[in-house]
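Have a look at the structure below, then the notes.
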Number of protein chains: 2
Amino acid sequence: MQSFLSQIESALAKNETIVIGCSCEITYSGRAEAFLQLGDRLIIIKSDKALLVHQPTGNAPINYMKPDSSHSIIQQDSAVWIKSKNLPLKEYLDVCIHAIHFVSSHPLKDGQKLELVGSEKDMSEMIYKNPSLIDPDFKSVSMEEQTKYGFIDVFGTDRNGNIVIVECKRYCADLGAVTQLRRYVERIKEIKNTDKVRGIIAAPKITPNADKMLKDWGFEFRAVSPPKYLERYRKDQKRLDGF
Amino acid sequence: MQSFLSQIESALAKNETIVIGCSCEITYSGRAEAFLQLGDRLIIIKSDKALLVHQPTGNAPINYMKPDSSHSIIQQDSAVWIKSKNLPLKEYLDVCIHAIHFVSSHPLKDGQKLELVGSEKDMSEMIYKNPSLIDPDFKSVSMEEQTKYGFIDVFGTDRNGNIVIVECKRYCADLGAVTQLRRYVERIKEIKNTDKVRGIIAAPKITPNADKMLKDWGFEFRAVSPPKYLERYRKDQKRLDGF
DNA sequence: GGGGAGAGATGCCGC
DNA sequence: GCGGCATTTCTCCCC
């Protein structure tokens, strides 16, 4: 226990990334208040002083502190406490550790950013460059058109002199997507003082209720999926490899 | 390296939670496609077979696989590969490890759930039980009222025979909150065949544009903050302790 | 399992 | 810094 303690203190001082496997209770106070009863967790303190608490299942942390928090470690009777504070955000988190299973620490260095393809932004670009994905007579004019009430993914016209507003969703369009589209259409009608505005949702699919709302307001749906260039590349690779 | 390998293989077989500190490259293919250049990261494999990749900074994982994925570890030349698959979700993630800094593993057990106070739900309940927070003559009728176009946080009436719809936000109400409220108000007007419907946003604050939109549609704003009982308790404690 | 919406959301970009 | 919004969102609840 004592050697774990000094390892953690030393690693904190050296700004290393620290992982602690332990049995603990957790109290949080800040934007909300929370308590987590005794159980086994991973405590991670990163080199930017973010703290994460992960249970042995699930994707998301069960508790956390944002970067630039401060952490102190204290032994009290048979327990070890990690006390974390973020004074600017008025956030506090206390870990009461009953048993430590392991401690690992190392000075990790990483400045890389994720290169990602298939986002909504990529979808907008694809549609902007290939307007026929929306309609044979759709002509794209701009992307990310700014409005007081938000920005429009793809903005264009059709041959009947309508303004066309396209809202992209990378997965399944929902009620929120339709109200978002409606907000833009109404705003553009107001600004341009015209009723000749079409609203289109471009997404792989749409929920039934959202589709009903869409039709009720005279908007349209186009089945479009986000581009995934790397997947295509990978498939080509497989083909070349004889798969 | 070889002892790390066998430790990881053994821990995988025993369903332990594993943490690997390493220098690696990562490729992901699934809902989108991504690549992450060489850098130092934490690889976490949980006992439910979720996999997380964390950089030494930031709150969120940079890459991940959902629970119930399968993971295999392979040595090839001087590199170690972790190959993760989730066939039902058609997701794939490969970690190419150039150097391992440390490996920790342990059979973590935890069935606890977070007890949290201060959510939007708590806010709805507070308003439901203390309707005067909204208006002296507001009477609450129900919570989570179901609508085809979504469910309403707090539903009630006033003394002028209006139906009152309250949408709660625990932080700052935005344009989405207003369009959400509008959707409910319009739906209730339609169902009840009446125009006597008031819409109210209850939140600590509201963005300027959202406030403008709110006023444009004749809705109202009430400054209400979510309850934080534990914080009050803690303050009382401090007072007792002489702080 | 899908729909709907919150989250102590986080993170990104633009003004 | 705030505003607006996507996210490989994740998670929960309810049908």
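Letters for chains follow the order of the structure tokens (A, B, ...), residue numbers begin at 1 for each chain, and ligand numbers begin at 1 in the order shown.
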
Output as a Markdown table one row per residue of range 37-143 of chain B within 9 Å of chain C: the closest atom pair and its distance in Å to one decimal place, counting only C-alpha atoms (C1' of nucleotides), sorted by chain and residue number ascending.
```
| residue | atom | partner | partner_atom | distance |
| --- | --- | --- | --- | --- |
| B:Asn59 | CA | C:DT10 | C1' | 7.3 |
| B:Ala60 | CA | C:DT10 | C1' | 6.6 |
| B:Gly118 | CA | C:DG8 | C1' | 8.8 |
| B:Ser119 | CA | C:DG6 | C1' | 8.5 |
| B:Glu120 | CA | C:DG6 | C1' | 7.4 |
| B:Lys121 | CA | C:DG6 | C1' | 8.8 |
```

Open item on the list: Write out as a PyMOL selection string the set of residues from range 8-241 of chain B that DSSP, computed on the backbone, places in strand (DSSP E or B).
Closed with: chain B and resi 17-29+33-45+51-54+63-65+70-76+79-86+91-106+115-117+139-147+150-157+163-168+172-173+197-203+205-206+220-223

Task: Interface residues on chain A facing chain B, 6 Å, only C-alpha atoms, written as a PyMOL selection string - done: chain A and resi 32-36+39-40+46-48+56-57+108-110+114-118

N, CA, C and O atoms of the current selection, written as a PDB file, in the first residue's frame:
```pdb
ATOM      1  N   ALA A  32     -23.697  18.764 -10.761  1.00  0.00           N
ATOM      2  CA  ALA A  32     -24.711  17.969 -10.065  1.00  0.00           C
ATOM      3  C   ALA A  32     -24.038  17.366  -8.843  1.00  0.00           C
ATOM      4  O   ALA A  32     -22.898  17.727  -8.518  1.00  0.00           O
ATOM      5  N   GLU A  33     -24.725  16.464  -8.182  1.00  0.00           N
ATOM      6  CA  GLU A  33     -24.168  15.790  -7.012  1.00  0.00           C
ATOM      7  C   GLU A  33     -24.337  14.296  -7.238  1.00  0.00           C
ATOM      8  O   GLU A  33     -25.388  13.851  -7.694  1.00  0.00           O
ATOM      9  N   ALA A  34     -23.310  13.514  -6.883  1.00  0.00           N
ATOM     10  CA  ALA A  34     -23.425  12.079  -7.117  1.00  0.00           C
ATOM     11  C   ALA A  34     -22.640  11.282  -6.098  1.00  0.00           C
ATOM     12  O   ALA A  34     -21.655  11.758  -5.531  1.00  0.00           O
ATOM     13  N   PHE A  35     -23.095  10.054  -5.873  1.00  0.00           N
ATOM     14  CA  PHE A  35     -22.381   9.124  -4.987  1.00  0.00           C
ATOM     15  C   PHE A  35     -22.364   7.753  -5.622  1.00  0.00           C
ATOM     16  O   PHE A  35     -23.354   7.319  -6.226  1.00  0.00           O
ATOM     17  N   LEU A  36     -21.226   7.078  -5.514  1.00  0.00           N
ATOM     18  CA  LEU A  36     -21.080   5.733  -6.070  1.00  0.00           C
ATOM     19  C   LEU A  36     -20.554   4.809  -4.971  1.00  0.00           C
ATOM     20  O   LEU A  36     -19.471   5.017  -4.422  1.00  0.00           O
ATOM     21  N   GLY A  39     -17.012  -0.476  -4.968  1.00  0.00           N
ATOM     22  CA  GLY A  39     -16.875  -1.423  -6.072  1.00  0.00           C
ATOM     23  C   GLY A  39     -15.486  -1.292  -6.698  1.00  0.00           C
ATOM     24  O   GLY A  39     -14.729  -0.375  -6.365  1.00  0.00           O
ATOM     25  N   ASP A  40     -15.148  -2.223  -7.606  1.00  0.00           N
ATOM     26  CA  ASP A  40     -13.840  -2.196  -8.274  1.00  0.00           C
ATOM     27  C   ASP A  40     -13.876  -1.277  -9.488  1.00  0.00           C
ATOM     28  O   ASP A  40     -14.784  -1.390 -10.328  1.00  0.00           O
ATOM     29  N   LYS A  46      -4.757  11.629 -16.104  1.00  0.00           N
ATOM     30  CA  LYS A  46      -3.976  11.889 -17.304  1.00  0.00           C
ATOM     31  C   LYS A  46      -2.958  12.996 -17.065  1.00  0.00           C
ATOM     32  O   LYS A  46      -3.013  13.690 -16.044  1.00  0.00           O
ATOM     33  N   SER A  47      -2.079  13.164 -18.033  1.00  0.00           N
ATOM     34  CA  SER A  47      -1.016  14.153 -17.869  1.00  0.00           C
ATOM     35  C   SER A  47      -1.552  15.581 -17.943  1.00  0.00           C
ATOM     36  O   SER A  47      -0.876  16.517 -17.540  1.00  0.00           O
ATOM     37  N   ASP A  48      -2.777  15.758 -18.452  1.00  0.00           N
ATOM     38  CA  ASP A  48      -3.382  17.091 -18.440  1.00  0.00           C
ATOM     39  C   ASP A  48      -4.254  17.292 -17.197  1.00  0.00           C
ATOM     40  O   ASP A  48      -5.012  18.237 -17.112  1.00  0.00           O
ATOM     41  N   PRO A  56     -15.805  -1.737 -14.602  1.00  0.00           N
ATOM     42  CA  PRO A  56     -15.294  -2.807 -15.473  1.00  0.00           C
ATOM     43  C   PRO A  56     -16.210  -3.137 -16.653  1.00  0.00           C
ATOM     44  O   PRO A  56     -15.883  -4.014 -17.449  1.00  0.00           O
ATOM     45  N   THR A  57     -17.328  -2.443 -16.753  1.00  0.00           N
ATOM     46  CA  THR A  57     -18.198  -2.620 -17.922  1.00  0.00           C
ATOM     47  C   THR A  57     -18.635  -1.251 -18.436  1.00  0.00           C
ATOM     48  O   THR A  57     -18.604  -0.269 -17.709  1.00  0.00           O
ATOM     49  N   LEU A 108       3.375   9.349 -20.877  1.00  0.00           N
ATOM     50  CA  LEU A 108       2.878   9.149 -22.249  1.00  0.00           C
ATOM     51  C   LEU A 108       2.911  10.465 -23.034  1.00  0.00           C
ATOM     52  O   LEU A 108       2.553  11.511 -22.517  1.00  0.00           O
ATOM     53  N   LYS A 109       3.333  10.364 -24.293  1.00  0.00           N
ATOM     54  CA  LYS A 109       3.401  11.535 -25.175  1.00  0.00           C
ATOM     55  C   LYS A 109       2.642  11.248 -26.473  1.00  0.00           C
ATOM     56  O   LYS A 109       2.904  10.240 -27.125  1.00  0.00           O
ATOM     57  N   ASP A 110       1.740  12.149 -26.832  1.00  0.00           N
ATOM     58  CA  ASP A 110       0.925  11.928 -28.028  1.00  0.00           C
ATOM     59  C   ASP A 110       0.314  13.233 -28.500  1.00  0.00           C
ATOM     60  O   ASP A 110      -0.471  13.859 -27.799  1.00  0.00           O
ATOM     61  N   LEU A 114      -7.143  12.387 -34.639  1.00  0.00           N
ATOM     62  CA  LEU A 114      -7.828  11.334 -35.391  1.00  0.00           C
ATOM     63  C   LEU A 114      -8.186  11.835 -36.786  1.00  0.00           C
ATOM     64  O   LEU A 114      -8.744  12.931 -36.940  1.00  0.00           O
ATOM     65  N   GLU A 115      -7.831  11.037 -37.785  1.00  0.00           N
ATOM     66  CA  GLU A 115      -8.279  11.334 -39.153  1.00  0.00           C
ATOM     67  C   GLU A 115      -9.527  10.505 -39.391  1.00  0.00           C
ATOM     68  O   GLU A 115      -9.477   9.285 -39.389  1.00  0.00           O
ATOM     69  N   LEU A 116     -10.655  11.177 -39.589  1.00  0.00           N
ATOM     70  CA  LEU A 116     -11.929  10.466 -39.653  1.00  0.00           C
ATOM     71  C   LEU A 116     -12.683  10.782 -40.931  1.00  0.00           C
ATOM     72  O   LEU A 116     -12.726  11.934 -41.356  1.00  0.00           O
ATOM     73  N   VAL A 117     -13.226   9.759 -41.552  1.00  0.00           N
ATOM     74  CA  VAL A 117     -14.026   9.922 -42.765  1.00  0.00           C
ATOM     75  C   VAL A 117     -15.413   9.350 -42.523  1.00  0.00           C
ATOM     76  O   VAL A 117     -15.549   8.281 -41.923  1.00  0.00           O
ATOM     77  N   GLY A 118     -16.412  10.064 -42.971  1.00  0.00           N
ATOM     78  CA  GLY A 118     -17.773   9.557 -42.836  1.00  0.00           C
ATOM     79  C   GLY A 118     -18.612  10.403 -41.892  1.00  0.00           C
ATOM     80  O   GLY A 118     -19.681   9.995 -41.470  1.00  0.00           O
TER      81      GLY A 118
END
```

Task: Residues within 12 Å of Arg198 in chain B, only C-alpha atoms (C1' of nucleotides), excluding chain neighbours under 4 positions, as a PyMOL selection string - done: chain B and resi 134-135+138+155-158+160-167+181-182+184-186+188-189+194+214-215+217-221

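Put simply, CA of Ser3 in chain B is 22.3 Å away from CA of Phe4 in chain A.
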
Chain A contacts on chain D, only C-alpha atoms (C1' of nucleotides), 8 Å, as a PDB file with N, CA, C and O atoms (P, O5', C5', C4', C3', O3' and C1' of nucleotides), in the first residue's frame:
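After the write, out04.pdb holds the following:
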```pdb
ATOM      1  P    DG D   4     -27.181  30.615 -30.543  1.00  0.00           P
ATOM      2  O5'  DG D   4     -26.796  29.355 -31.436  1.00  0.00           O
ATOM      3  C5'  DG D   4     -26.322  29.541 -32.771  1.00  0.00           C
ATOM      4  C4'  DG D   4     -25.745  28.253 -33.288  1.00  0.00           C
ATOM      5  C3'  DG D   4     -26.704  27.054 -33.228  1.00  0.00           C
ATOM      6  O3'  DG D   4     -26.889  26.559 -34.541  1.00  0.00           O
ATOM      7  C1'  DG D   4     -24.547  26.491 -32.399  1.00  0.00           C
ATOM      8  P    DA D   6     -26.117  19.206 -36.159  1.00  0.00           P
ATOM      9  O5'  DA D   6     -24.941  18.144 -36.372  1.00  0.00           O
ATOM     10  C5'  DA D   6     -23.815  18.505 -37.150  1.00  0.00           C
ATOM     11  C4'  DA D   6     -22.592  17.711 -36.732  1.00  0.00           C
ATOM     12  C3'  DA D   6     -22.797  16.205 -36.673  1.00  0.00           C
ATOM     13  O3'  DA D   6     -21.576  15.570 -37.021  1.00  0.00           O
ATOM     14  C1'  DA D   6     -22.271  16.981 -34.513  1.00  0.00           C
ATOM     15  P    DC D  10     -21.273   5.347 -28.933  1.00  0.00           P
ATOM     16  O5'  DC D  10     -21.621   5.453 -27.365  1.00  0.00           O
ATOM     17  C5'  DC D  10     -20.687   6.043 -26.478  1.00  0.00           C
ATOM     18  C4'  DC D  10     -21.361   6.315 -25.148  1.00  0.00           C
ATOM     19  C3'  DC D  10     -22.137   5.112 -24.599  1.00  0.00           C
ATOM     20  O3'  DC D  10     -21.846   4.965 -23.217  1.00  0.00           O
ATOM     21  C1'  DC D  10     -23.574   7.006 -24.787  1.00  0.00           C
TER      22       DC D  10
END
```

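In this structure, CA of Ser72 in chain A sits 10.9 Å away from CA of Leu5 in chain A.
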
Helix (DSSP H, G or I) residues, from DSSP on the backbone, in range 144-209 of chain B, as a PDB file with C-alpha atoms, in the first residue's frame:
```pdb
ATOM      1  CA  LEU B 175     -32.601  26.972 -30.058  1.00  0.00           C
ATOM      2  CA  GLY B 176     -33.263  23.239 -29.910  1.00  0.00           C
ATOM      3  CA  ALA B 177     -35.059  23.615 -26.593  1.00  0.00           C
ATOM      4  CA  VAL B 178     -37.365  26.235 -28.097  1.00  0.00           C
ATOM      5  CA  THR B 179     -38.188  24.182 -31.203  1.00  0.00           C
ATOM      6  CA  GLN B 180     -38.800  21.204 -28.920  1.00  0.00           C
ATOM      7  CA  LEU B 181     -41.260  23.277 -26.863  1.00  0.00           C
ATOM      8  CA  ARG B 182     -42.913  24.542 -30.030  1.00  0.00           C
ATOM      9  CA  ARG B 183     -43.400  20.980 -31.264  1.00  0.00           C
ATOM     10  CA  TYR B 184     -45.233  20.053 -28.051  1.00  0.00           C
ATOM     11  CA  VAL B 185     -47.358  23.209 -27.993  1.00  0.00           C
ATOM     12  CA  GLU B 186     -48.457  22.718 -31.594  1.00  0.00           C
ATOM     13  CA  ARG B 187     -49.185  19.063 -30.993  1.00  0.00           C
ATOM     14  CA  ILE B 188     -51.327  19.794 -27.925  1.00  0.00           C
ATOM     15  CA  LYS B 189     -53.174  22.567 -29.743  1.00  0.00           C
ATOM     16  CA  GLU B 190     -53.944  20.045 -32.472  1.00  0.00           C
ATOM     17  CA  ILE B 191     -55.002  17.236 -30.129  1.00  0.00           C
ATOM     18  CA  LYS B 192     -57.105  19.385 -27.806  1.00  0.00           C
ATOM     19  CA  PRO B 208     -30.031  35.386 -26.776  1.00  0.00           C
ATOM     20  CA  ASN B 209     -31.146  33.877 -30.093  1.00  0.00           C
TER      21      ASN B 209
END
```

TODO: Find the residue from B:Thr207, B:Ser69, B:Ser124, B:Gln75 that sits nearest to DC2 in chain D; use only C-alpha atoms (C1' of nucleotides) when measuring.
DONE: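 Checking each of B:Thr207, B:Ser69, B:Ser124, B:Gln75 against DC2 in chain D, counting only C-alpha atoms (C1' of nucleotides), the winner is B:Thr207.
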
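Here CA of Ile206 in chain A is placed at a distance of 6.1 Å from CA of Asp174 in chain A.
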